[in-house]
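A.B. asks: So that you have it, the file is protein-v5.cif, and it contains mmCIF, C-alpha atoms:
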data_my_file
#
loop_
_atom_site.label_atom_id
_atom_site.label_comp_id
_atom_site.auth_asym_id
_atom_site.auth_seq_id
_atom_site.Cartn_x
_atom_site.Cartn_y
_atom_site.Cartn_z
CA MET A 29 -0.57 -20.53 -5.20
CA GLU A 30 2.19 -23.15 -5.52
CA ALA A 31 4.75 -20.46 -4.74
CA PHE A 32 2.63 -19.22 -1.85
CA PHE A 33 2.32 -22.60 -0.17
CA GLU A 34 6.03 -23.29 -0.70
CA ASP A 35 7.44 -19.99 0.57
CA GLY A 36 4.50 -18.77 2.66
CA ASN A 37 4.56 -15.56 0.64
CA VAL A 38 3.74 -14.34 -2.85
CA VAL A 39 3.50 -11.00 -4.65
CA VAL A 40 0.57 -10.69 -7.06
CA LYS A 41 1.92 -8.22 -9.58
CA GLY A 42 -0.29 -5.35 -10.68
CA LEU A 43 -3.52 -6.56 -9.07
CA PHE A 44 -4.39 -2.97 -8.19
CA ASP A 45 -3.24 -1.38 -11.43
CA TRP A 46 -6.85 -0.25 -11.81
CA ILE A 47 -6.07 2.21 -9.01
CA VAL A 48 -2.45 3.20 -9.54
CA LYS A 49 -2.66 3.61 -13.34
CA ASP A 50 -5.58 6.02 -13.11
CA ALA A 51 -3.79 9.36 -12.69
CA GLU A 52 -6.79 11.11 -11.15
CA VAL A 53 -7.48 8.32 -8.65
CA MET A 54 -3.80 8.10 -7.69
CA ALA A 55 -3.67 11.85 -7.09
CA MET A 56 -6.68 11.43 -4.78
CA VAL A 57 -4.85 8.61 -2.96
CA GLU A 58 -1.84 10.86 -2.40
CA ALA A 59 -4.03 13.72 -1.21
CA GLU A 60 -5.90 11.50 1.21
CA PHE A 61 -2.73 10.06 2.75
CA ASP A 62 -1.37 13.60 3.16
CA MET A 63 -4.62 14.72 4.78
CA TYR A 64 -4.43 11.99 7.43
CA ARG A 65 -0.73 12.59 8.03
CA HIS A 66 -1.55 16.30 8.49
CA HIS A 67 -3.93 15.40 11.34
CA LEU A 68 -1.72 12.76 12.98
CA ARG A 69 -1.22 14.11 16.50
CA VAL A 70 1.83 12.00 17.31
CA GLY A 71 4.53 11.21 14.77
CA GLY A 72 4.00 7.93 12.96
CA LYS A 73 5.89 5.44 15.12
CA LEU A 74 7.35 2.75 12.83
CA GLY A 75 5.76 4.67 9.98
CA TRP A 76 2.19 3.82 10.99
CA CYS A 77 -0.56 6.31 10.12
CA ARG A 78 -2.70 5.42 13.12
CA ASN A 79 -5.60 7.76 12.45
CA MET A 80 -6.32 6.41 8.95
CA TRP A 81 -8.93 3.65 9.35
CA HIS A 82 -11.68 4.20 6.78
CA SER A 83 -10.27 6.29 3.98
CA LEU A 84 -11.66 6.01 0.45
CA VAL A 85 -8.62 4.09 -0.76
CA GLN A 86 -8.98 1.59 2.09
CA GLN A 87 -12.70 1.13 1.41
CA ALA A 88 -12.04 0.52 -2.30
CA ILE A 89 -9.27 -2.02 -1.74
CA ARG A 90 -11.27 -3.90 0.88
CA GLN A 91 -14.13 -4.41 -1.61
CA ASP A 92 -12.06 -5.67 -4.55
CA PRO A 93 -13.54 -9.04 -5.69
CA ALA A 94 -10.28 -10.34 -7.18
CA ALA A 95 -8.38 -9.78 -3.92
CA TYR A 96 -11.20 -11.59 -2.11
CA ALA A 97 -10.91 -14.60 -4.44
CA LEU A 98 -7.13 -14.75 -3.96
CA ASN A 99 -7.56 -14.71 -0.19
CA VAL A 100 -9.96 -17.65 -0.37
CA ALA A 101 -7.55 -19.58 -2.62
CA ALA A 102 -4.62 -18.88 -0.30
CA ARG A 103 -6.33 -20.19 2.83
CA GLY A 104 -5.65 -23.79 3.78
CA ASP A 105 -9.27 -24.20 4.88
CA LYS A 106 -10.67 -22.40 1.77
CA ARG A 107 -13.02 -20.48 4.04
CA TRP A 108 -15.08 -18.08 1.93
CA ARG A 109 -16.85 -16.12 4.65
CA LEU A 110 -14.38 -13.29 5.14
CA VAL A 111 -14.53 -9.76 6.49
CA SER A 112 -12.00 -6.95 6.44
CA HIS A 113 -10.75 -6.38 9.97
CA PRO A 114 -10.24 -2.59 10.20
CA ASN A 115 -6.62 -1.58 10.43
CA TYR A 116 -4.67 1.61 9.90
CA THR A 117 -2.17 2.26 7.11
CA ARG A 118 1.56 2.81 6.83
CA TYR A 119 2.81 6.19 5.69
CA ALA A 120 6.53 6.17 6.35
CA LYS A 121 8.36 9.45 5.75
CA VAL A 122 12.07 10.15 5.54
CA GLY A 123 13.48 10.03 9.06
CA ASP A 124 10.89 7.61 10.46
CA SER A 125 12.32 4.63 12.34
CA THR A 126 10.55 1.67 10.75
CA GLY A 127 12.55 -1.46 11.60
CA PHE A 128 10.99 -4.40 13.44
CA GLU A 129 10.84 -8.22 13.35
CA HIS A 130 7.85 -10.10 14.75
CA ILE A 131 5.02 -12.58 14.23
CA ASP A 132 1.34 -11.66 14.64
CA LEU A 133 0.23 -14.98 16.13
CA ASN A 134 0.34 -16.78 19.47
CA ILE A 135 2.94 -19.43 18.60
CA PRO A 136 2.08 -21.91 21.40
CA ALA A 137 -1.62 -21.79 20.41
CA LEU A 138 -0.73 -22.16 16.73
CA LEU A 139 1.32 -25.30 17.42
CA LYS A 140 -1.15 -26.79 19.90
CA SER A 141 -4.49 -26.15 18.21
CA GLY A 142 -3.74 -24.61 14.82
CA ARG A 143 -5.01 -21.19 15.94
CA GLY A 144 -4.30 -18.79 13.10
CA ALA A 145 -2.85 -21.42 10.75
CA ASN A 146 -5.07 -20.23 7.88
CA VAL A 147 -4.62 -16.50 8.40
CA VAL A 148 -3.34 -14.64 5.33
CA GLN A 149 -1.80 -11.22 5.87
CA THR A 150 -2.20 -8.88 2.90
CA ALA A 151 -0.70 -5.54 1.94
CA VAL A 152 -1.15 -3.30 -1.08
CA SER A 153 1.74 -1.01 -2.00
CA MET A 154 0.91 2.53 -3.07
CA ASP A 155 4.54 3.31 -3.95
CA ASP A 156 7.37 1.50 -5.73
CA GLU A 157 9.37 -0.14 -2.96
CA TRP A 158 13.10 -0.75 -2.89
CA VAL A 159 15.55 -2.99 -1.05
CA GLY A 160 15.94 -0.45 1.76
CA GLY A 161 12.22 0.22 2.10
CA CYS A 162 10.10 -2.94 2.09
CA THR A 163 8.69 -5.80 4.13
CA ILE A 164 11.16 -8.50 5.15
CA ILE A 165 10.27 -12.17 5.70
CA VAL A 166 11.92 -15.53 6.30
CA PRO A 167 10.69 -17.61 3.32
CA GLY A 168 9.37 -21.07 4.17
CA PHE A 169 9.40 -20.40 7.92
CA HIS A 170 5.93 -21.92 8.33
CA LYS A 171 7.59 -25.33 7.82
CA LYS A 172 10.23 -24.68 10.48
CA ILE A 173 8.40 -22.77 13.18
CA GLU A 174 7.69 -25.81 15.39
CA GLU A 175 11.31 -26.94 15.49
CA TRP A 176 12.56 -23.40 16.09
CA TRP A 177 10.06 -22.78 18.89
CA GLY A 178 11.27 -25.93 20.61
CA LYS A 179 14.74 -24.38 20.72
CA VAL A 180 13.31 -21.11 22.04
CA GLU A 181 11.57 -23.04 24.85
CA SER A 182 14.76 -24.94 25.67
CA ARG A 183 16.57 -21.61 26.04
CA GLY A 184 13.90 -20.31 28.42
CA GLU A 185 12.94 -17.49 26.04
CA ALA A 186 9.39 -18.58 25.19
CA LYS A 187 6.42 -16.38 26.01
CA ASN A 188 2.68 -16.88 25.55
CA GLY A 189 1.58 -13.62 23.96
CA LEU A 190 -0.85 -12.94 21.12
CA ALA A 191 2.12 -11.66 19.11
CA HIS A 192 5.86 -12.10 19.52
CA ARG A 193 8.77 -9.77 18.97
CA VAL A 194 11.49 -11.98 17.49
CA ASP A 195 14.50 -9.75 16.91
CA ARG A 196 16.02 -10.95 20.18
CA ILE A 197 14.88 -14.57 20.22
CA TYR A 198 15.55 -15.31 16.53
CA ARG A 199 19.26 -15.51 17.13
CA ARG A 200 22.16 -15.52 14.69
CA GLU A 201 22.50 -19.29 14.98
CA ASP A 202 18.75 -19.66 14.29
CA ARG A 203 19.06 -17.58 11.15
CA SER A 204 21.85 -19.75 9.83
CA VAL A 205 19.65 -22.84 10.28
CA TYR A 206 16.11 -21.63 9.53
CA GLY A 207 16.79 -18.77 7.17
CA HIS A 208 17.70 -15.12 7.04
CA PHE A 209 15.26 -12.28 6.48
CA LYS A 210 14.85 -11.34 2.84
CA GLY A 211 13.26 -8.26 1.37
CA VAL A 212 9.94 -8.51 -0.49
CA VAL A 213 10.06 -5.57 -2.87
CA CYS A 214 6.64 -4.64 -4.26
CA SER A 215 5.84 -2.22 -7.02
CA ARG A 216 3.02 0.28 -6.87
CA GLY A 217 -0.26 -1.65 -7.20
CA ASP A 218 1.10 -5.06 -6.12
CA LEU A 219 -0.62 -7.24 -3.54
CA ARG A 220 1.63 -9.04 -1.04
CA MET A 221 0.16 -12.15 0.58
CA THR A 222 1.97 -13.71 3.54
CA MET A 223 1.03 -16.63 5.80
CA GLY A 224 0.39 -15.58 9.37
CA SER A 225 2.96 -18.15 10.56
CA ILE A 226 5.82 -16.42 8.73
CA ILE A 227 8.01 -14.18 10.86
CA HIS A 228 8.31 -10.84 9.17
CA GLY A 229 9.14 -7.21 9.70
CA CYS A 230 10.34 -4.10 7.95
CA THR A 231 13.61 -2.52 6.92
CA ALA A 232 15.01 -0.04 9.40
CA GLY A 233 14.38 3.26 7.65
CA VAL A 234 13.28 4.96 4.46
CA ASP A 235 14.82 7.60 2.21
CA ARG A 236 11.54 8.32 0.42
CA ASP A 237 7.82 8.01 1.13
CA ARG A 238 6.31 4.56 1.49
CA ARG A 239 2.53 4.09 1.69
CA VAL A 240 0.82 0.74 2.27
CA VAL A 241 -2.81 -0.35 2.78
CA PHE A 242 -3.65 -3.54 4.71
CA PRO A 243 -7.01 -5.13 3.70
CA CYS A 244 -6.80 -7.75 6.53
CA LEU A 245 -9.45 -10.27 5.41
CA VAL A 246 -10.17 -12.68 8.28
CA GLY A 247 -12.46 -15.69 8.50
CA VAL A 248 -16.03 -15.44 9.80
CA GLU A 249 -17.45 -18.45 11.62
CA SER A 250 -20.44 -20.29 10.14
CA ASP A 251 -22.72 -18.76 12.81
CA GLY A 252 -21.95 -15.35 11.31
CA GLU A 253 -20.96 -13.92 14.70
CA GLY A 254 -17.48 -15.09 15.64
CA LEU A 255 -14.17 -14.61 13.84
CA GLU A 256 -11.65 -17.35 13.26
CA MET A 257 -9.48 -16.90 16.34
CA ASP A 258 -10.42 -16.61 19.99
CA ARG A 259 -9.82 -13.20 21.55
CA MET A 260 -10.34 -11.46 18.22
CA CYS A 261 -13.06 -8.86 17.93
CA SER A 262 -16.51 -10.22 17.05
CA TRP A 263 -18.14 -9.79 13.63
CA GLU A 264 -20.51 -7.27 15.24
CA GLU A 265 -17.61 -5.18 16.52
CA VAL A 266 -15.98 -5.22 13.08
CA SER A 267 -19.30 -4.34 11.46
CA ARG A 268 -19.82 -1.46 13.90
CA SER A 269 -16.34 -0.10 13.18
CA HIS A 270 -17.05 -0.01 9.43
CA ARG A 271 -20.59 1.30 9.90
CA ASP A 272 -19.66 4.10 12.29
CA MET A 273 -16.26 4.64 10.63
CA VAL A 274 -14.33 4.52 13.91
CA GLY A 275 -11.26 2.64 15.07
CA ILE A 276 -11.43 -0.80 16.64
CA GLY A 277 -9.85 -1.77 19.95
CA LYS A 278 -7.85 -4.81 18.86
CA GLU A 279 -5.41 -5.73 16.15
CA PRO A 280 -6.32 -8.66 13.87
CA SER A 281 -4.19 -10.91 16.13
CA GLY A 282 -6.52 -10.14 19.06
CA GLN A 283 -3.90 -8.03 20.82
CA SER A 284 -5.16 -4.72 22.17
CA HIS A 285 -3.72 -1.59 20.64
CA LYS A 286 -1.02 0.07 22.73
CA PHE A 287 -2.26 3.53 21.81
CA GLY A 288 -5.54 5.39 22.21
CA ILE A 289 -7.85 4.98 19.23
CA GLY A 290 -10.50 7.41 20.49
CA SER A 291 -14.23 6.93 20.04
CA GLU A 292 -14.95 9.60 17.45
CA ARG A 293 -15.29 9.34 13.71
CA PHE A 294 -12.65 11.26 11.77
CA GLY A 295 -14.21 14.42 10.37
CA GLY A 296 -13.16 13.71 6.79
CA CYS A 297 -14.65 10.20 6.51
CA VAL A 298 -17.17 9.55 3.72
CA GLU A 299 -18.98 6.23 3.18
CA MET A 300 -18.52 4.34 -0.09
CA ARG A 301 -20.99 1.47 0.25
CA GLY A 302 -23.54 -0.35 -1.86
CA VAL A 303 -21.19 -0.88 -4.81
CA CYS A 304 -21.94 -4.61 -4.79
CA ALA A 305 -23.38 -7.09 -2.30
CA LEU A 306 -20.07 -8.97 -1.98
CA GLY A 307 -18.25 -5.73 -1.16
CA ASP A 308 -20.80 -4.92 1.51
CA ALA A 309 -20.22 -8.34 3.09
CA LEU A 310 -16.46 -7.75 3.11
CA LEU A 311 -17.12 -4.50 4.99
CA GLY A 312 -19.43 -6.22 7.47
CA CYS A 313 -22.39 -4.23 6.14
CA ARG A 314 -24.26 -7.35 5.01
CA ARG A 315 -24.28 -10.85 6.41
CA TRP A 316 -22.97 -13.78 4.43
CA ASP A 317 -26.38 -15.48 4.33
CA SER A 318 -27.70 -12.69 2.07
CA ARG A 319 -28.92 -14.21 -1.20
CA ASP A 320 -27.36 -11.41 -3.26
CA VAL A 321 -24.01 -11.92 -1.53
CA LEU A 322 -24.06 -15.66 -2.23
CA ILE A 323 -24.94 -15.11 -5.89
CA GLU A 324 -21.95 -12.79 -6.34
CA ARG A 325 -19.70 -15.14 -4.35
CA ASP A 326 -20.60 -17.95 -6.76
CA VAL A 327 -19.69 -15.78 -9.74
CA VAL A 328 -16.31 -14.77 -8.33
CA LEU A 329 -15.34 -18.23 -7.07
CA GLY A 330 -17.02 -20.15 -9.89
CA SER A 331 -15.47 -21.98 -12.85
CA ASP A 332 -16.50 -19.45 -15.51
CA ASP A 333 -13.43 -17.21 -15.60
CA ARG A 334 -14.85 -14.79 -18.17
CA LYS A 335 -17.98 -14.24 -16.13
CA ALA A 336 -15.90 -13.74 -12.98
CA TRP A 337 -13.56 -11.21 -14.61
CA ASP A 338 -16.51 -9.35 -16.17
CA PHE A 339 -17.96 -8.99 -12.69
CA VAL A 340 -14.61 -7.84 -11.27
CA GLY A 341 -14.34 -5.22 -14.02
CA GLU A 342 -17.86 -3.94 -13.40
CA VAL A 343 -17.24 -3.60 -9.67
CA ARG A 344 -13.93 -1.84 -10.16
CA SER A 345 -15.43 0.59 -12.67
CA GLU A 346 -18.23 1.44 -10.23
CA LEU A 347 -15.73 1.83 -7.38
CA VAL A 348 -13.74 4.33 -9.45
CA ARG A 349 -16.87 6.25 -10.43
CA ARG A 350 -18.08 6.38 -6.84
CA TRP A 351 -14.60 7.20 -5.53
CA LYS A 352 -14.27 10.26 -7.74
CA LYS A 353 -17.69 11.45 -6.62
CA CYS A 354 -16.95 10.84 -2.93
CA PHE A 355 -13.62 12.65 -3.03
CA GLY A 356 -15.25 16.07 -3.36
CA ARG A 357 -17.55 15.27 -0.44
CA MET A 358 -14.55 14.21 1.62
CA VAL A 359 -12.76 17.52 0.93
CA GLN A 360 -15.85 19.47 1.96
CA ALA A 361 -16.31 17.37 5.11
CA GLU A 362 -12.70 17.85 6.21
CA VAL A 363 -12.80 21.62 5.70
CA ALA A 364 -16.15 21.89 7.52
CA GLU A 365 -14.82 19.86 10.46
CA PHE A 366 -11.39 21.45 10.92
CA GLY A 367 -11.81 24.96 9.56
CA SER A 368 -8.52 26.87 9.65
CA ASN A 369 -6.68 23.66 10.60
CA ALA A 370 -7.99 21.73 7.60
CA TYR A 371 -5.48 20.19 5.22
CA PHE A 372 -7.64 21.08 2.23
CA GLY A 373 -7.89 24.66 3.46
CA GLY A 374 -4.12 25.11 3.30
CA LEU A 375 -1.85 25.74 0.33
CA ALA A 376 -0.73 22.11 -0.09
CA GLY A 377 -4.29 20.77 -0.01
CA LEU A 378 -5.62 23.45 -2.33
CA ALA A 379 -2.80 22.75 -4.79
CA LYS A 380 -3.61 19.04 -4.72
CA VAL A 381 -7.31 19.69 -5.39
CA ALA A 382 -6.34 21.94 -8.31
CA GLU A 383 -4.10 19.18 -9.69
CA ILE A 384 -6.96 16.67 -9.48
CA GLU A 385 -9.35 19.07 -11.16
CA GLY A 386 -6.80 19.54 -13.94
CA LEU A 387 -6.51 15.79 -14.45
CA ARG A 388 -10.29 15.45 -14.46
CA ASN A 389 -10.61 18.13 -17.12
CA GLY A 390 -7.79 16.73 -19.25
CA CYS A 391 -5.37 19.52 -18.39
CA GLY A 392 -3.00 17.52 -16.18
#
Once more with this new file: its structure as C-alpha cells, please.

C.D. replies:
Amino acid sequence: MEAFFEDGNVVVKGLFDWIVKDAEVMAMVEAEFDMYRHHLRVGGKLGWCRNMWHSLVQQAIRQDPAAYALNVAARGDKRWRLVSHPNYTRYAKVGDSTGFEHIDLNIPALLKSGRGANVVQTAVSMDDEWVGGCTIIVPGFHKKIEEWWGKVESRGEAKNGLAHRVDRIYRREDRSVYGHFKGVVCSRGDLRMTMGSIIHGCTAGVDRDRRVVFPCLVGVESDGEGLEMDRMCSWEEVSRSHRDMVGIGKEPSGQSHKFGIGSERFGGCVEMRGVCALGDALLGCRRWDSRDVLIERDVVLGSDDRKAWDFVGEVRSELVRRWKKCFGRMVQAEVAEFGSNAYFGGLAGLAKVAEIEGLRNGCG
C-alpha cells in the first residue's frame, strides 16, 4: 500500500494463482474467451471483447474476497461497501490496434469536489505480458494532475468530459516535467491496481494474445442505492445487469458506451451465485445490510489474518468446484442457442472440450 499511494499504482503478484495454476480451470478460461471472440460481430476495437460481460471467469474474479480486501485498503476513504460495475474484457489478438492514452475521470470535477478521488481501477492478467503488450501509466501523476491541468487550461485545451483523451494534450514538454509513460508488465494471475487519477493507456499493438479481466469495484453509498460518483449507474442498474446477465449502458466513469450493447442476454451465460454472502454483495445480488454479508466482511477485513485467509481459501475452493460444474452447462447452453454457429459445435471448440476432459481425467 505504501508503493500504491506513492506511485498511484501497484501490481499484486500472483493474487489469482488459484486460477492460472489450475490447468483445467485455465483451459476453461481460454475456451471461454475464444467462445466470446467467436461471436464478436465487429472486430475488437482496441482489443476490447465487447460482448463478454458475465463470463464464468469474470464472475469468479469479481467474488474473490482477497481482491475485495485489497480494494478497501487501497481506497483513501476506506469505503467497504463496494460492488463490481459490469464491464467487458480485453482480448487483443495479433494485428489489433490497441494504443491509447486517457484518464477515466472528469478532471475539473475531481479537482473541484474530489469526484472520483478514491476510485481504484483494477485489472487481472490472464496472460504473461511483455514490454510491447501491457498497460502504460505515468507513475505519481495523481500528485501532479492539478498543476498540469492548470497548464492545459492556460493553453485553451481543457474540456469538461467524463473522461479525457490525453495523447494530444499531454504534450512532449508536459512529459518532460510530469513524467513519461512507463509500462506495467503483469504476469499471468497478477492484479494491477491503479488510482483513477493516473493517466494511463496501452501499448500500440500486440504480437501475441493478451487477455485481461476488469473487476471494477466501485463504492456504494450508505443508502445502498447510489454509487460513489454522480452520473454513474445506480446500484439497482448494476444489480439488474448482474441478475439478468446483460450489458450496462454506462462505463464506470459514467460515460455512455459509444457502441450498442443490446438488451439480450448472451446465450452462453450461466449464473455462478450463492458461493458466499460477500460474493453475492459484490455482484449486487445481496444488499450490504445483510447480516451474513456483514459477518463475512468482518472476517475478511478483521485483525485475525489466519481466519481471514481460511475464509478466502474456502471461498476460492468453492468457486473452483462450482466453476468446473458450470462450464459443462455453459457449453450446452451455447450449443443450444447458436446451433451450427456455436463455437463449441465446431472443431476448435470440440478440441478444447476434449482437452479439458483429458485434464479432468488426469490424461492431459

A.B. asks: I'd like the residues picked by the PyMOL selection byres ((chain A and resi 59) around 10) written out as an MDAnalysis selection string, using the chain letters and numbers from the file.

C.D. replies: chainID A and resid 53:58 60:65 355 359 371:372 376:381 384

A.B. asks: So what does the PyMOL selection byres ((chain A and resi 320-326) around 9) actually pick up in this one, as a list in words?

C.D. replies: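 Expected selection for the PyMOL selection byres ((chain A and resi 320-326) around 9) here is Pro93, Ala97, Trp108, Cys304, Ala305, Leu306, Gly307, Asp308, Ala309, Arg314, Arg315, Trp316, Asp317, Ser318, Arg319, Val327, Val328, Leu329, Gly330, Ser331, Ala336 and Phe339 of chain A.
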
A.B. asks: Using the chain letters and numbers from the file, which residues does the PyMOL selection byres ((chain A and resi 248-255) around 9) grab, as number ranges by chain?

C.D. replies: A: 107-111, 246-247, 256-264, 315-317

A.B. asks: Between CA of Phe33 (chain A) and CA of Gly229 (chain A), what is the distance, to one decimal in Å?

C.D. replies: 19.5 Å

A.B. asks: Can you work out the spacing between CA of Gly312 (chain A) and CA of Met154 (chain A) in Å, to one decimal?

C.D. replies: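 Separating CA of Gly312 (chain A) from CA of Met154 (chain A) is a distance of 24.5 Å.
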
A.B. asks: Between A:Pro243, A:Gly302, A:Gly104, A:Gly144, which one has atoms that come closest to Ile131 (chain A), using all atoms listed in the file?

C.D. replies: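 Once distances to Ile131 (chain A) are computed over all atoms listed in the file, the minimum belongs to A:Gly144.
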
A.B. asks: Select, from A:Glu265, A:Asp35, A:Asp155, A:Asp132, the residue with the minimum atom-to-atom distance to Ser112 (chain A), counting all atoms listed in the file.

C.D. replies: A:Glu265

A.B. asks: Out of A:Lys171, A:Ala95, A:Leu139, A:Lys121, which residue has the shortest atom-to-atom distance to Glu34 (chain A) when counting all atoms listed in the file?

C.D. replies: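 Checking each candidate against Glu34 (chain A), we get A:Lys171 as the closest.
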
A.B. asks: My list of candidates is A:Lys286, A:Ser215, A:Gly296, A:Lys106. Which is closest to Gln360 (chain A) when distances are computed with only C-alpha atoms?

C.D. replies: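 The closest residue to Gln360 (chain A) is A:Gly296.
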
A.B. asks: Given the point (10.2, 7.2, 10.4) in the coordinates of this file, which residues lie within 10 Å, counting all atoms listed in the file, and how would they look as an NGL selection string?

C.D. replies: :A and (71-76 or 119-127 or 232-235 or 237)

A.B. asks: Saving region 31-48 of chain A with N, CA and C atoms, as a short mmCIF file (atom, residue, chain, number, x, y, z; two decimals), in the first residue's frame, what would that file be?

C.D. replies:
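Just written: selection27.cif:
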data_model
loop_
_atom_site.label_atom_id
_atom_site.label_comp_id
_atom_site.auth_asym_id
_atom_site.auth_seq_id
_atom_site.Cartn_x
_atom_site.Cartn_y
_atom_site.Cartn_z
N ALA A 31 3.66 1.62 -1.62
CA ALA A 31 4.01 1.80 -3.03
C ALA A 31 2.82 2.33 -3.83
N PHE A 32 1.63 1.84 -3.50
CA PHE A 32 0.44 2.28 -4.21
C PHE A 32 0.18 3.77 -4.00
N PHE A 33 0.25 4.22 -2.77
CA PHE A 33 -0.05 5.63 -2.51
C PHE A 33 1.07 6.55 -3.00
N GLU A 34 2.28 6.01 -3.16
CA GLU A 34 3.38 6.81 -3.70
C GLU A 34 3.28 6.94 -5.21
N ASP A 35 3.11 5.82 -5.90
CA ASP A 35 3.11 5.82 -7.36
C ASP A 35 1.72 5.90 -7.98
N GLY A 36 0.68 5.60 -7.17
CA GLY A 36 -0.67 5.54 -7.72
C GLY A 36 -0.92 4.24 -8.45
N ASN A 37 -0.03 3.27 -8.29
CA ASN A 37 -0.15 2.00 -9.00
C ASN A 37 0.64 0.94 -8.26
N VAL A 38 0.13 -0.29 -8.28
CA VAL A 38 0.88 -1.41 -7.72
C VAL A 38 0.42 -2.68 -8.41
N VAL A 39 1.32 -3.64 -8.53
CA VAL A 39 0.99 -4.96 -9.06
C VAL A 39 1.08 -5.95 -7.90
N VAL A 40 -0.03 -6.62 -7.61
CA VAL A 40 -0.08 -7.64 -6.57
C VAL A 40 0.21 -8.97 -7.24
N LYS A 41 1.42 -9.46 -7.04
CA LYS A 41 1.89 -10.63 -7.76
C LYS A 41 1.15 -11.89 -7.33
N GLY A 42 0.67 -12.63 -8.33
CA GLY A 42 0.14 -13.96 -8.09
C GLY A 42 -1.15 -14.04 -7.29
N LEU A 43 -1.88 -12.95 -7.16
CA LEU A 43 -3.10 -12.99 -6.35
C LEU A 43 -4.10 -14.00 -6.92
N PHE A 44 -4.10 -14.17 -8.22
CA PHE A 44 -5.04 -15.11 -8.84
C PHE A 44 -4.33 -16.37 -9.36
N ASP A 45 -3.27 -16.75 -8.65
CA ASP A 45 -2.64 -18.03 -8.97
C ASP A 45 -3.61 -19.20 -8.78
N TRP A 46 -4.59 -19.03 -7.91
CA TRP A 46 -5.57 -20.10 -7.70
C TRP A 46 -6.37 -20.39 -8.96
N ILE A 47 -6.37 -19.45 -9.89
CA ILE A 47 -7.00 -19.68 -11.19
C ILE A 47 -5.97 -20.17 -12.20
N VAL A 48 -4.90 -19.41 -12.38
CA VAL A 48 -4.00 -19.66 -13.51
C VAL A 48 -3.11 -20.88 -13.30
#
